[in-house]
Amino acid sequence: MTKHQSALHPDAAVTFVGLGMIGRHMALRVAAHGFRVTGVDPMPAAHEWAQGKGIAATSSLVQAPSPDVVIVMVATPEQMAAVVDDALHVTVAGERWILMSTVGPDAIQKQALRLSRAGAHVIDVPVTGGVARARTGDLTLFAAGSKADLDAVSPVLEAMGKIREVGGEVGAGQSFKLVNQLLCTIHIVAAAEALALADRLKLDPARVLTILQEGSAASWMLSSRGPRMLAGADFEPTSTVGIFVKDSALVEDAARTVGASVPLLQAARDRFNMASDSGLTSRDDSSVIETYPPKPKNPLRQGS
């Protein structure tokens with residue numbers, strides 16, 4: 001039995017691919033639990049961040065030390081395919097791969113098959129919870145794959161959040177995440193629309209937000225995004241408009257494949273597309289409220 005096939009050593013080598021807004025905090029949590037983490041990211045700013053946190057970083061997977069575990073937290077199916085392309089230039093036999101990107105069931109199954117044919121153990125573990133919960137290690141992990149493979153890497157997963165086993169096959173985690181993203185997409189736009197309506201009705205949106213959070217209209221997204229919607233754009237994004245443009249497209253594609261009707265998702269997706277087309281792609285997802293025109297300061301002068 002090789003070191004890769006046995007239970008993980010407490011200081012196992014972990015290569016973490018994708019040091020973006022969420023990934024960097026996940027990598028930091030894994031390192032804090034004693035694992036030897038090497039970050040992989042093409043962006044110089046990510047290397048500077050890693051250096052400041054005492055984490056080694058490279059621009060390419062093939063430049064990283066031989067790992068026991070590889071975690072992939074990139075943004076798109078194309079980026080994940082590129083990571084696997086790089087990995088297959090060297091040996092991956094016996095390595096344990098944790099695919100945590102939100103790329104949809106088809107993409108994850110395709111890349112998992114390529115890796116497993118080369119001898120890697122692969123599980124599908126997309127996450128939810130955003131930057132705040134990534135920082136504290138309280139993400140929810142939609143974990144799918146064989147029980148043996150999930151158990152083998154559970155110490156690494158537990159460093160990042162709560163494991164929720166959702167299926168025995170790769171792809172089930174992605175399906176769970178798409179349902180999650182359908183709700184998140186709709187709830188963010190619903191919060192924006194409600195606060196915009198409050199403004200038009202000459203109510204104080206901040207007071208509306210405070211009171212509605214106490215009643216039956218409350219939602220996690222209203223409480224999380226509502227204050228940011230009212231604060232404006234002068235803060236660091238925790239999740240971008242572009243992420244929801246991408247994820248809502250994945251949800252719509254999956255729904256079309258299985259013949260599911262998702263009219264609310266489509267309406268909310270239109271709002272995120274409108275925000276992106278307005279130049280807000282890299283802004284916080286709460287910026288979708290800017291697609292709703294504010295109350296005119298002097299309605300009597302409109303059109304003059």
# chains A, B, ... in the order shown; residues from 1 in each chain; ligands from 1

call {"tool": "select_by_dssp", "arguments": {"residues": "segment 22-177 of chain A", "states": "strand (DSSP E or B)", "output": "short mmCIF file (atom, residue, chain, number, x, y, z; two decimals) with N, CA, C and O atoms, in the first residue's frame"}}
result
data_model
loop_
_atom_site.label_atom_id
_atom_site.label_comp_id
_atom_site.auth_asym_id
_atom_site.auth_seq_id
_atom_site.Cartn_x
_atom_site.Cartn_y
_atom_site.Cartn_z
N ARG A 36 0.59 20.38 4.88
CA ARG A 36 1.60 21.14 4.13
C ARG A 36 0.97 21.59 2.81
O ARG A 36 0.85 20.82 1.88
N VAL A 37 0.58 22.84 2.77
CA VAL A 37 -0.20 23.36 1.63
C VAL A 37 0.70 24.10 0.65
O VAL A 37 1.52 24.94 1.05
N THR A 38 0.52 23.79 -0.62
CA THR A 38 1.11 24.57 -1.71
C THR A 38 -0.04 25.11 -2.56
O THR A 38 -0.88 24.34 -3.03
N GLY A 39 -0.08 26.43 -2.72
CA GLY A 39 -1.11 27.03 -3.54
C GLY A 39 -0.70 27.08 -5.00
O GLY A 39 0.49 27.24 -5.31
N VAL A 40 -1.67 26.95 -5.88
CA VAL A 40 -1.42 27.08 -7.32
C VAL A 40 -2.40 28.11 -7.88
O VAL A 40 -3.62 27.96 -7.74
N ALA A 56 3.45 28.35 0.52
CA ALA A 56 4.18 28.31 -0.75
C ALA A 56 3.18 28.38 -1.90
O ALA A 56 2.06 27.89 -1.79
N ALA A 57 3.59 29.00 -3.00
CA ALA A 57 2.69 29.12 -4.15
C ALA A 57 3.45 29.02 -5.45
O ALA A 57 4.60 29.47 -5.55
N THR A 58 2.81 28.43 -6.45
CA THR A 58 3.39 28.32 -7.79
C THR A 58 2.32 28.73 -8.81
O THR A 58 1.14 28.87 -8.47
N VAL A 69 -2.92 15.03 -1.63
CA VAL A 69 -4.28 15.50 -1.93
C VAL A 69 -4.17 16.71 -2.84
O VAL A 69 -3.33 17.59 -2.63
N VAL A 70 -5.06 16.78 -3.83
CA VAL A 70 -5.19 17.97 -4.68
C VAL A 70 -6.61 18.50 -4.52
O VAL A 70 -7.58 17.76 -4.70
N ILE A 71 -6.74 19.77 -4.17
CA ILE A 71 -8.03 20.44 -4.07
C ILE A 71 -8.13 21.43 -5.23
O ILE A 71 -7.20 22.21 -5.45
N VAL A 72 -9.24 21.38 -5.96
CA VAL A 72 -9.42 22.27 -7.10
C VAL A 72 -10.60 23.20 -6.82
O VAL A 72 -11.73 22.74 -6.62
N ARG A 96 -5.35 11.80 -4.21
CA ARG A 96 -6.76 12.02 -3.88
C ARG A 96 -7.14 13.42 -4.33
O ARG A 96 -6.57 14.41 -3.85
N TRP A 97 -8.10 13.51 -5.22
CA TRP A 97 -8.53 14.78 -5.80
C TRP A 97 -9.89 15.16 -5.25
O TRP A 97 -10.85 14.38 -5.30
N ILE A 98 -9.97 16.39 -4.73
CA ILE A 98 -11.22 16.94 -4.21
C ILE A 98 -11.62 18.08 -5.15
O ILE A 98 -11.00 19.15 -5.14
N LEU A 99 -12.66 17.85 -5.96
CA LEU A 99 -13.10 18.85 -6.93
C LEU A 99 -14.19 19.70 -6.28
O LEU A 99 -15.31 19.23 -6.04
N HIS A 121 -8.01 9.01 -7.10
CA HIS A 121 -9.27 8.87 -6.37
C HIS A 121 -9.95 10.24 -6.38
O HIS A 121 -9.35 11.23 -5.96
N VAL A 122 -11.20 10.32 -6.83
CA VAL A 122 -11.84 11.61 -7.06
C VAL A 122 -13.16 11.71 -6.30
O VAL A 122 -13.97 10.77 -6.33
N ILE A 123 -13.36 12.84 -5.64
CA ILE A 123 -14.66 13.13 -5.03
C ILE A 123 -15.11 14.52 -5.47
O ILE A 123 -14.31 15.36 -5.89
N ASP A 124 -16.40 14.73 -5.38
CA ASP A 124 -17.09 15.94 -5.86
C ASP A 124 -17.63 16.68 -4.64
O ASP A 124 -18.56 16.20 -3.99
N VAL A 127 -19.04 23.81 -2.52
CA VAL A 127 -19.27 24.41 -1.20
C VAL A 127 -20.27 25.56 -1.30
O VAL A 127 -20.49 26.13 -2.37
N THR A 128 -20.83 25.92 -0.15
CA THR A 128 -21.64 27.13 -0.05
C THR A 128 -21.35 27.78 1.29
O THR A 128 -20.97 27.11 2.26
N LEU A 139 -17.93 26.51 6.13
CA LEU A 139 -18.63 26.25 4.88
C LEU A 139 -19.47 24.97 4.99
O LEU A 139 -19.18 24.09 5.81
N THR A 140 -20.49 24.88 4.16
CA THR A 140 -21.21 23.62 4.00
C THR A 140 -20.65 22.93 2.77
O THR A 140 -20.56 23.54 1.70
N LEU A 141 -20.25 21.68 2.93
CA LEU A 141 -19.60 20.91 1.86
C LEU A 141 -20.56 19.84 1.34
O LEU A 141 -20.92 18.93 2.09
N PHE A 142 -20.99 19.97 0.09
CA PHE A 142 -21.87 18.98 -0.53
C PHE A 142 -20.99 17.85 -1.08
O PHE A 142 -20.52 17.91 -2.22
N ALA A 143 -20.77 16.83 -0.27
CA ALA A 143 -19.76 15.81 -0.57
C ALA A 143 -20.37 14.58 -1.24
O ALA A 143 -21.31 13.98 -0.71
N ALA A 144 -19.81 14.22 -2.40
CA ALA A 144 -20.30 13.04 -3.13
C ALA A 144 -19.12 12.23 -3.63
O ALA A 144 -18.11 12.77 -4.08
N GLY A 161 -15.02 23.01 6.69
CA GLY A 161 -16.43 23.19 7.01
C GLY A 161 -17.11 21.90 7.42
O GLY A 161 -16.47 20.92 7.80
N LYS A 162 -18.44 21.92 7.31
CA LYS A 162 -19.27 20.80 7.71
C LYS A 162 -19.54 19.90 6.50
O LYS A 162 -20.05 20.37 5.48
N ILE A 163 -19.22 18.63 6.64
CA ILE A 163 -19.40 17.67 5.56
C ILE A 163 -20.85 17.21 5.54
O ILE A 163 -21.38 16.74 6.54
N ARG A 164 -21.47 17.36 4.39
CA ARG A 164 -22.83 16.84 4.19
C ARG A 164 -22.76 15.85 3.02
O ARG A 164 -22.65 16.24 1.87
N GLU A 165 -22.80 14.56 3.35
CA GLU A 165 -22.71 13.54 2.31
C GLU A 165 -24.04 13.49 1.54
O GLU A 165 -25.10 13.26 2.13
N VAL A 166 -23.97 13.72 0.24
CA VAL A 166 -25.19 13.89 -0.56
C VAL A 166 -25.36 12.84 -1.65
O VAL A 166 -26.36 12.85 -2.36
N GLY A 167 -24.40 11.94 -1.77
CA GLY A 167 -24.54 10.90 -2.79
C GLY A 167 -23.28 10.08 -2.93
O GLY A 167 -22.19 10.52 -2.56
#

call {"tool": "residues_around", "arguments": {"residues": "Val62 of chain A", "least_positions_apart": "2", "cutoff": "10 Å", "atoms": "only C-alpha atoms", "output": "ChimeraX atom specification"}}
result
/A:40,58-60,64-66,83,86-91

call {"tool": "atom_distance", "arguments": {"atom1": "atom CA of Arg271 of chain A", "atom2": "atom CA of Asp138 of chain A"}}
result
29.3 Å

call {"tool": "residues_around", "arguments": {"residues": "Pro67 of chain A", "least_positions_apart": "3", "cutoff": "8 Å", "atoms": "only C-alpha atoms", "output": "list in words"}}
result
Ala12, Ala13, Val14, Thr15, Ala64, Val70 and Glu95 of chain A

call {"tool": "closest_residue", "arguments": {"among": "A:Leu183, A:Met274, A:Thr240, A:Asp234", "to": "Val262 of chain A", "atoms": "only C-alpha atoms"}}
result
A:Leu183

call {"tool": "atom_distance", "arguments": {"atom1": "atom CA of Val251 of chain A", "atom2": "atom CA of Ser286 of chain A"}}
result
19.5 Å

call {"tool": "closest_residue", "arguments": {"among": "A:Leu19, A:Val30, A:Ala254, A:Ala267", "to": "Ala50 of chain A", "atoms": "only C-alpha atoms"}}
result
A:Leu19

call {"tool": "atom_distance", "arguments": {"atom1": "atom CA of Ala196 of chain A", "atom2": "atom CA of Phe244 of chain A"}}
result
19.8 Å

call {"tool": "closest_residue", "arguments": {"among": "A:Leu182, A:Val288, A:Ala75, A:Ala159", "to": "Ala255 of chain A", "atoms": "only C-alpha atoms"}}
result
A:Leu182

call {"tool": "residues_around", "arguments": {"residues": "Gln109 of chain A", "least_positions_apart": "5", "cutoff": "9 Å", "atoms": "only C-alpha atoms", "output": "PyMOL selection string"}}
result
chain A and resi 104+114+124+170-171

call {"tool": "closest_residue", "arguments": {"among": "A:Met160, A:Leu178, A:Phe35, A:Gly145", "to": "Gly130 of chain A", "atoms": "only C-alpha atoms"}}
result
A:Met160

call {"tool": "residues_around", "arguments": {"residues": "Arg228 of chain A", "least_positions_apart": "6", "cutoff": "10 Å", "atoms": "only C-alpha atoms", "output": "count of residues only"}}
result
9
